[in-house]
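Trainee: Data file my_file.tsv (TSV, C-alpha atoms and all ligand atoms) is appended below.
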chain	number	residue	atom	x	y	z
A	1	MET	CA	114.63	108.67	112.17
A	2	LEU	CA	112.06	107.99	109.45
A	3	ALA	CA	111.62	104.37	108.39
A	4	GLN	CA	112.91	105.24	104.90
A	5	ASN	CA	116.14	106.72	106.31
A	6	ARG	CA	116.57	103.84	108.73
A	7	LEU	CA	116.17	101.40	105.85
A	8	GLU	CA	118.73	103.27	103.73
A	9	THR	CA	121.25	103.28	106.60
A	10	ALA	CA	120.69	99.58	107.30
A	11	VAL	CA	120.94	98.58	103.63
A	12	GLY	CA	124.12	100.64	103.24
A	13	ALA	CA	125.74	98.64	106.06
A	14	ILE	CA	124.39	95.35	104.71
A	15	VAL	CA	125.71	95.66	101.15
A	16	ALA	CA	129.14	96.69	102.48
A	17	ASN	CA	129.57	93.27	104.14
A	18	SER	CA	129.35	90.08	102.10
A	19	GLN	CA	127.99	87.88	104.92
A	20	LEU	CA	125.27	90.37	105.83
A	21	HIS	CA	124.54	90.90	102.15
A	22	ALA	CA	124.08	87.16	101.56
A	23	ARG	CA	121.78	86.96	104.60
A	24	TRP	CA	119.74	89.92	103.33
A	25	LEU	CA	119.36	88.27	99.91
A	26	ASN	CA	118.40	84.97	101.50
A	27	THR	CA	115.78	86.74	103.65
A	28	PHE	CA	114.15	88.29	100.60
A	29	SER	CA	114.45	85.03	98.72
A	30	TYR	CA	112.52	83.49	101.60
A	31	LEU	CA	109.83	86.21	101.48
A	32	GLU	CA	109.45	85.70	97.73
A	33	TYR	CA	109.08	81.98	98.40
A	34	VAL	CA	106.44	82.66	101.09
A	35	GLY	CA	104.64	84.89	98.57
A	36	PHE	CA	104.76	82.14	95.93
A	37	ARG	CA	103.48	79.58	98.44
A	38	LYS	CA	100.68	81.85	99.64
A	39	ILE	CA	99.35	82.43	96.13
A	40	VAL	CA	99.46	78.74	95.27
A	41	LYS	CA	97.76	77.68	98.50
A	42	SER	CA	95.12	80.41	98.65
A	43	GLN	CA	93.76	80.37	95.11
A	44	ARG	CA	91.14	77.83	94.12
A	45	ALA	CA	91.86	76.19	90.80
A	46	GLU	CA	88.44	77.07	89.37
A	47	ALA	CA	89.27	80.77	89.84
A	48	LEU	CA	92.99	80.59	89.03
A	49	THR	CA	93.65	82.79	85.99
A	50	ALA	CA	96.75	82.82	83.77
A	51	GLU	CA	97.59	86.17	85.33
A	52	ILE	CA	97.58	84.80	88.89
A	53	LEU	CA	99.51	81.71	87.81
A	54	THR	CA	102.10	83.95	86.15
A	55	HIS	CA	102.31	86.02	89.32
A	56	ALA	CA	102.91	82.94	91.47
A	57	LEU	CA	105.60	81.58	89.16
A	58	GLU	CA	107.35	84.94	88.94
A	59	GLU	CA	107.48	85.14	92.75
A	60	GLY	CA	108.96	81.62	92.75
A	61	ARG	CA	111.50	82.76	90.16
A	62	HIS	CA	112.36	85.81	92.27
A	63	ALA	CA	112.95	83.48	95.25
A	64	LEU	CA	115.33	81.38	93.15
A	65	GLY	CA	117.08	84.38	91.58
A	66	LEU	CA	117.80	86.02	94.94
A	67	LYS	CA	118.84	82.65	96.38
A	68	LYS	CA	121.38	82.20	93.55
A	69	ILE	CA	122.91	85.61	94.25
A	70	ALA	CA	123.03	84.79	97.99
A	71	LEU	CA	124.85	81.54	97.15
A	72	LYS	CA	127.30	83.35	94.90
A	73	ILE	CA	128.10	86.01	97.51
A	74	GLY	CA	127.90	83.87	100.66
A	75	GLY	CA	128.66	80.32	99.54
A	76	ASP	CA	127.01	76.94	100.14
A	77	ALA	CA	125.89	77.86	103.67
A	78	PHE	CA	123.02	79.72	101.98
A	79	SER	CA	121.57	76.72	100.19
A	80	ALA	CA	118.44	76.60	102.39
A	81	TYR	CA	116.62	78.94	104.77
A	82	ALA	CA	118.19	78.15	108.14
A	83	PRO	CA	117.47	81.03	110.57
A	84	GLU	CA	121.15	81.96	110.90
A	85	THR	CA	121.39	82.41	107.12
A	86	MET	CA	118.77	85.16	107.16
A	87	LEU	CA	118.42	88.59	108.78
A	88	CYS	CA	115.38	88.66	111.08
A	89	GLY	CA	113.77	85.85	109.08
A	90	ASP	CA	111.11	85.22	111.75
A	91	GLU	CA	110.20	88.90	111.91
A	92	ALA	CA	110.09	89.09	108.10
A	93	GLU	CA	107.68	86.16	107.97
A	94	ASP	CA	105.64	87.70	110.80
A	95	TYR	CA	105.18	90.83	108.68
A	96	PHE	CA	103.74	88.75	105.85
A	97	GLN	CA	101.60	86.38	107.94
A	98	LYS	CA	100.14	89.13	110.12
A	99	LEU	CA	99.32	91.22	107.07
A	100	ASP	CA	97.58	88.25	105.49
A	101	ALA	CA	95.63	87.59	108.72
A	102	ALA	CA	94.59	91.27	108.99
A	103	CYS	CA	93.30	91.32	105.40
A	104	ASP	CA	91.52	88.01	105.96
A	105	GLU	CA	89.74	89.49	108.97
A	106	VAL	CA	88.60	92.56	107.00
A	107	PHE	CA	86.78	90.27	104.53
A	108	ALA	CA	85.65	87.64	107.06
A	109	ASP	CA	81.97	88.23	106.22
A	110	ARG	CA	82.38	87.47	102.48
A	111	PRO	CA	81.74	84.07	100.91
A	112	ASP	CA	84.92	81.95	100.72
A	113	ALA	CA	85.65	82.42	97.02
A	114	LEU	CA	85.22	86.19	97.11
A	115	ARG	CA	87.21	86.46	100.32
A	116	ALA	CA	90.11	84.50	98.81
A	117	LYS	CA	90.13	86.83	95.83
A	118	LEU	CA	89.95	90.07	97.83
A	119	VAL	CA	92.57	88.96	100.36
A	120	TYR	CA	94.89	87.97	97.51
A	121	CYS	CA	94.32	91.35	95.82
A	122	TYR	CA	94.90	93.48	98.91
A	123	VAL	CA	97.86	91.53	100.29
A	124	THR	CA	99.45	91.71	96.84
A	125	TRP	CA	98.70	95.41	96.53
A	126	LEU	CA	100.27	96.20	99.91
A	127	VAL	CA	103.26	93.89	99.55
A	128	GLU	CA	104.12	94.95	95.99
A	129	ARG	CA	104.13	98.62	96.96
A	130	ARG	CA	106.45	97.86	99.86
A	131	ALA	CA	108.63	95.63	97.69
A	132	LEU	CA	109.07	98.43	95.14
A	133	GLN	CA	110.21	100.76	97.91
A	134	VAL	CA	112.58	98.30	99.61
A	135	TYR	CA	114.06	96.86	96.40
A	136	GLY	CA	114.40	100.43	95.09
A	137	VAL	CA	116.50	101.41	98.12
A	138	TYR	CA	118.51	98.20	97.77
A	139	LYS	CA	119.15	98.79	94.05
A	140	THR	CA	120.37	102.34	94.73
A	141	ALA	CA	122.72	101.04	97.45
A	142	LEU	CA	124.18	98.53	94.97
A	143	GLY	CA	125.40	101.31	92.67
A	144	ALA	CA	127.18	99.92	89.61
A	145	SER	CA	127.25	96.30	90.89
A	146	PRO	CA	125.99	93.74	88.35
A	147	VAL	CA	123.46	92.65	91.00
A	148	ALA	CA	121.72	96.03	90.51
A	149	GLY	CA	120.75	94.96	86.97
A	150	ARG	CA	119.13	91.78	88.32
A	151	ILE	CA	117.19	93.78	90.90
A	152	GLY	CA	116.11	96.19	88.14
A	153	GLY	CA	114.56	93.26	86.23
A	154	LEU	CA	112.80	92.05	89.34
A	155	LEU	CA	111.45	95.55	90.00
A	156	MET	CA	109.90	95.66	86.53
A	157	GLU	CA	108.01	92.44	87.24
A	158	GLU	CA	106.86	93.72	90.65
A	159	GLU	CA	105.56	96.88	88.94
A	160	LYS	CA	103.54	94.74	86.54
A	161	HIS	CA	102.10	92.69	89.43
A	162	LEU	CA	101.09	95.93	91.13
A	163	SER	CA	99.38	97.42	88.11
A	164	ASP	CA	97.59	94.09	87.37
A	165	VAL	CA	96.26	93.89	90.90
A	166	GLU	CA	95.23	97.54	90.91
A	167	SER	CA	92.96	96.93	87.97
A	168	GLU	CA	91.59	93.77	89.64
A	169	ILE	CA	90.79	95.72	92.82
A	170	ALA	CA	89.10	98.49	90.81
A	171	LYS	CA	86.74	95.84	89.39
A	172	ALA	CA	86.24	93.83	92.60
A	173	ASP	CA	85.95	96.39	95.39
A	174	PRO	CA	83.84	99.56	95.11
A	175	ASP	CA	84.99	100.55	98.62
A	176	PHE	CA	88.68	100.75	97.75
A	177	ALA	CA	88.99	104.48	98.52
A	178	THR	CA	87.79	104.10	102.12
A	179	ARG	CA	89.35	100.69	102.74
A	180	ALA	CA	92.84	101.36	101.39
A	181	PRO	CA	94.05	103.90	104.02
A	182	LYS	CA	93.07	101.55	106.87
A	183	LEU	CA	94.97	98.64	105.38
A	184	GLU	CA	97.93	100.87	104.51
A	185	ALA	CA	98.11	101.91	108.17
A	186	ILE	CA	98.16	98.26	109.30
A	187	GLU	CA	100.86	97.41	106.76
A	188	GLY	CA	102.87	100.48	107.78
A	189	ARG	CA	102.90	99.40	111.43
A	190	LEU	CA	103.95	95.84	110.55
A	191	TYR	CA	106.72	97.16	108.32
A	192	GLU	CA	107.98	99.50	111.08
A	193	THR	CA	108.11	96.53	113.45
A	194	PHE	CA	110.28	94.65	110.94
A	195	ILE	CA	112.60	97.64	110.44
A	196	ASP	CA	112.91	98.03	114.24
A	197	ALA	CA	113.98	94.38	114.50
A	198	LEU	CA	116.41	94.71	111.58
A	199	VAL	CA	118.08	97.84	112.98
A	200	ALA	CA	118.31	96.26	116.46
A	201	ASP	CA	119.81	93.06	115.02
A	202	LEU	CA	122.42	94.95	113.01
A	203	ALA	CA	123.49	96.79	116.17
A	204	ARG	CA	123.97	93.53	118.09
A	205	PRO	CA	127.64	92.60	118.67
A	206	LYS	CA	126.78	88.96	117.81
A	207	THR	CA	125.55	89.92	114.33
A	208	LEU	CA	128.62	92.03	113.65
A	209	ALA	CA	130.99	89.35	114.95
A	210	ALA	CA	129.36	86.69	112.72
A	211	ALA	CA	129.58	89.06	109.76
A	212	SER	CA	133.31	89.63	110.17
A	213	ALA	CA	134.11	85.96	110.89
B	301	FE	FE	108.62	89.17	93.87
B	302	FE	FE	105.36	90.47	92.93
Can the structure in the file be given as structure tokens, please?
Ligand SMILES: [Fe+2]
Ligand SMILES: [Fe+2]
Mentor:
Amino acid sequence: MLAQNRLETAVGAIVANSQLHARWLNTFSYLEYVGFRKIVKSQRAEALTAEILTHALEEGRHALGLKKIALKIGGDAFSAYAPETMLCGDEAEDYFQKLDAACDEVFADRPDALRAKLVYCYVTWLVERRALQVYGVYKTALGASPVAGRIGGLLMEEEKHLSDVESEIAKADPDFATRAPKLEAIEGRLYETFIDALVADLARPKTLAAASA
């Protein structure tokens, strides 16, 4: 089955069960938090623009917004990021960290400041495109739920991050056209690995038993 179809099937099962749904939300809250932390840690203050600062804070706000919905649906057990309160949390973080490391390697020969900028741009570009796809599938699965409206707001901000970073890349990297497909392929493989783990976890009797407890 294509990754898109596997995601749709998995998300359909997740939103139908409040415990799985809260774990899903907490996982994406965690990824938003990792994104926020990465931007803050990787950008040197002398090059930190209002746009990048806004991006970081919006990712932090997304982390908090998703966390609040997880708490509402799942209760106090979701107050932090304990592994059992997420769905494949380790694999989700692996996706992000390995993508960051791969982009860092591509620009290893650049001076530090330029490398930090290009890695930030490309990781953002790849992650935002994936986020739009995954949150889009999630929003559709939510139907008329009030949570869908919240995800719609978040999607609008992700779209803005994507278009901002696209114009940054156009200015900073003349080799975008040849570089992009290679990085997209790396991201695609990392994403498939995450979806494999998610589908396998959802099929595990332990996950289903915990979800119906
Ligand atoms: Fe975000
Ligand atoms: Fe974003």
Trainee: Calculate how many Å separate CA of His21 (chain A) from CA of Asp100 (chain A), rounding to one decimal.
Mentor: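 One can read the CA of His21 (chain A) to CA of Asp100 (chain A) distance as 27.3 Å.
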Trainee: Axis-aligned box over every listed atom of region 29-40 of chain A, padded by 8 Å per side: centre and edges in Å to one decimal, as AutoDock Vina command-line options?
Mentor:
--center_x 106.9 --center_y 82.5 --center_z 98.4 --size_x 31.1 --size_y 23.5 --size_z 22.3
Trainee: Residues of chain A that approach ligand FE 302 (chain B) to 10 Å or less, counting all atoms listed in the file: could you list each one with the shortest pair of atoms and its distance in Å to one decimal, rows by chain and increasing residue number, as JSON lines?
Mentor:
{"residue": "A:Glu32", "atom": "CA", "partner": "B:FE302", "partner_atom": "FE", "distance": 7.9}
{"residue": "A:Gly35", "atom": "CA", "partner": "B:FE302", "partner_atom": "FE", "distance": 8.0}
{"residue": "A:Phe36", "atom": "CA", "partner": "B:FE302", "partner_atom": "FE", "distance": 8.9}
{"residue": "A:Thr54", "atom": "CA", "partner": "B:FE302", "partner_atom": "FE", "distance": 10.0}
{"residue": "A:His55", "atom": "CA", "partner": "B:FE302", "partner_atom": "FE", "distance": 6.5}
{"residue": "A:Ala56", "atom": "CA", "partner": "B:FE302", "partner_atom": "FE", "distance": 8.1}
{"residue": "A:Leu57", "atom": "CA", "partner": "B:FE302", "partner_atom": "FE", "distance": 9.7}
{"residue": "A:Glu58", "atom": "CA", "partner": "B:FE302", "partner_atom": "FE", "distance": 7.1}
{"residue": "A:Glu59", "atom": "CA", "partner": "B:FE302", "partner_atom": "FE", "distance": 5.7}
{"residue": "A:Gly60", "atom": "CA", "partner": "B:FE302", "partner_atom": "FE", "distance": 9.6}
{"residue": "A:His62", "atom": "CA", "partner": "B:FE302", "partner_atom": "FE", "distance": 8.4}
{"residue": "A:Thr124", "atom": "CA", "partner": "B:FE302", "partner_atom": "FE", "distance": 7.2}
{"residue": "A:Trp125", "atom": "CA", "partner": "B:FE302", "partner_atom": "FE", "distance": 9.0}
{"residue": "A:Val127", "atom": "CA", "partner": "B:FE302", "partner_atom": "FE", "distance": 7.7}
{"residue": "A:Glu128", "atom": "CA", "partner": "B:FE302", "partner_atom": "FE", "distance": 5.6}
{"residue": "A:Arg129", "atom": "CA", "partner": "B:FE302", "partner_atom": "FE", "distance": 9.2}
{"residue": "A:Ala131", "atom": "CA", "partner": "B:FE302", "partner_atom": "FE", "distance": 7.7}
{"residue": "A:Leu132", "atom": "CA", "partner": "B:FE302", "partner_atom": "FE", "distance": 9.1}
{"residue": "A:Leu154", "atom": "CA", "partner": "B:FE302", "partner_atom": "FE", "distance": 8.4}
{"residue": "A:Leu155", "atom": "CA", "partner": "B:FE302", "partner_atom": "FE", "distance": 8.5}
{"residue": "A:Met156", "atom": "CA", "partner": "B:FE302", "partner_atom": "FE", "distance": 9.4}
{"residue": "A:Glu157", "atom": "CA", "partner": "B:FE302", "partner_atom": "FE", "distance": 6.6}
{"residue": "A:Glu158", "atom": "CA", "partner": "B:FE302", "partner_atom": "FE", "distance": 4.2}
{"residue": "A:Glu159", "atom": "CA", "partner": "B:FE302", "partner_atom": "FE", "distance": 7.6}
{"residue": "A:Lys160", "atom": "CA", "partner": "B:FE302", "partner_atom": "FE", "distance": 7.9}
{"residue": "A:His161", "atom": "CA", "partner": "B:FE302", "partner_atom": "FE", "distance": 5.3}
{"residue": "A:Leu162", "atom": "CA", "partner": "B:FE302", "partner_atom": "FE", "distance": 7.2}
{"residue": "A:Val165", "atom": "CA", "partner": "B:FE302", "partner_atom": "FE", "distance": 9.9}
Trainee: Measuring atom to atom with all atoms listed in the file, identify which of A:Ala185, A:Val119, A:Ile151, A:Leu99 is nearest to Lys139 (chain A).
Mentor: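 Distance minimum relative to Lys139 (chain A) lands on A:Ile151.
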Trainee: What does the distance from CA of Ala209 (chain A) to CA of Val34 (chain A) come to in Å, to one decimal?
Mentor: 29.0 Å
Trainee: Taking only C-alpha atoms into account, name the residue in A:Gly143, A:Ala77, A:Asp112, A:Leu53 that is nearest to Val40 (chain A).
Mentor: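 Among A:Gly143, A:Ala77, A:Asp112, A:Leu53, it is A:Leu53 that comes nearest to Val40 (chain A).
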Trainee: Restricting the calculation to only C-alpha atoms and all ligand atoms, which member of A:Tyr33, A:Ala180, A:Trp24, A:Met1 is positioned closest to ligand FE 301 (chain B)?
Mentor: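 Among the listed residues, the smallest separation from ligand FE 301 (chain B) belongs to A:Tyr33.
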Trainee: Quick one: residues within 9 Å of Asn26 (chain A), all atoms listed in the file, excluding same-chain residues fewer than 5 positions away - as a list in words?
Mentor: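 So, after excluding close chain neighbours, the residues are His21, Leu31, Ala63, Leu66, Lys67, Lys68, Ile69, Ala70, Leu71, Phe78, Ser79, Ala80, Tyr81, Thr85, Met86, Leu87 and Gly89 of chain A.
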Trainee: From the set A:Lys182, A:Arg61, A:Lys38, A:Arg150, which residue has the shortest atom-to-atom contact distance to ligand FE 301 (chain B), counting only C-alpha atoms and all ligand atoms?
Mentor: A:Arg61
Trainee: For region 101-108 of chain A, please output as a list of chain:residue names all residues within 9 Å (counting all atoms listed in the file; exclusion window: fewer than 6 positions along the same chain).
Mentor: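 Non-adjacent residues within range: A:Leu114, A:Arg115, A:Ala116, A:Leu118, A:Val119, A:Tyr120, A:Tyr122, A:Val123, A:Leu183, A:Ile186.
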Trainee: Could the residues in this selection be saved with C-alpha atoms as a tab-separated table (two decimals), keeping the file's coordinate frame?
Mentor:
chain	number	residue	atom	x	y	z
A	114	LEU	CA	85.22	86.19	97.11
A	115	ARG	CA	87.21	86.46	100.32
A	116	ALA	CA	90.11	84.50	98.81
A	118	LEU	CA	89.95	90.07	97.83
A	119	VAL	CA	92.57	88.96	100.36
A	120	TYR	CA	94.89	87.97	97.51
A	122	TYR	CA	94.90	93.48	98.91
A	123	VAL	CA	97.86	91.53	100.29
A	183	LEU	CA	94.97	98.64	105.38
A	186	ILE	CA	98.16	98.26	109.30
Trainee: Quick one: pull the distance between CA of Cys88 (chain A) and CA of Ala144 (chain A), Å, one decimal.
Mentor: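 Going from CA of Cys88 (chain A) over to CA of Ala144 (chain A), I get 27.0 Å.
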Trainee: Between A:Ala211, A:Ala148, A:Ala47, A:Ile39, single out the one closest to ligand FE 301 (chain B), counting all atoms listed in the file.
Mentor: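 Of the candidates, the smallest distance to ligand FE 301 (chain B) is held by A:Ile39.
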Trainee: Go through A:Ala172, A:Leu64, A:Leu202, A:Cys121 and flag the residue nearest ligand FE 301 (chain B), using only C-alpha atoms and all ligand atoms for the distances.
Mentor: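 So, comparing all the options, the nearest one is A:Leu64.
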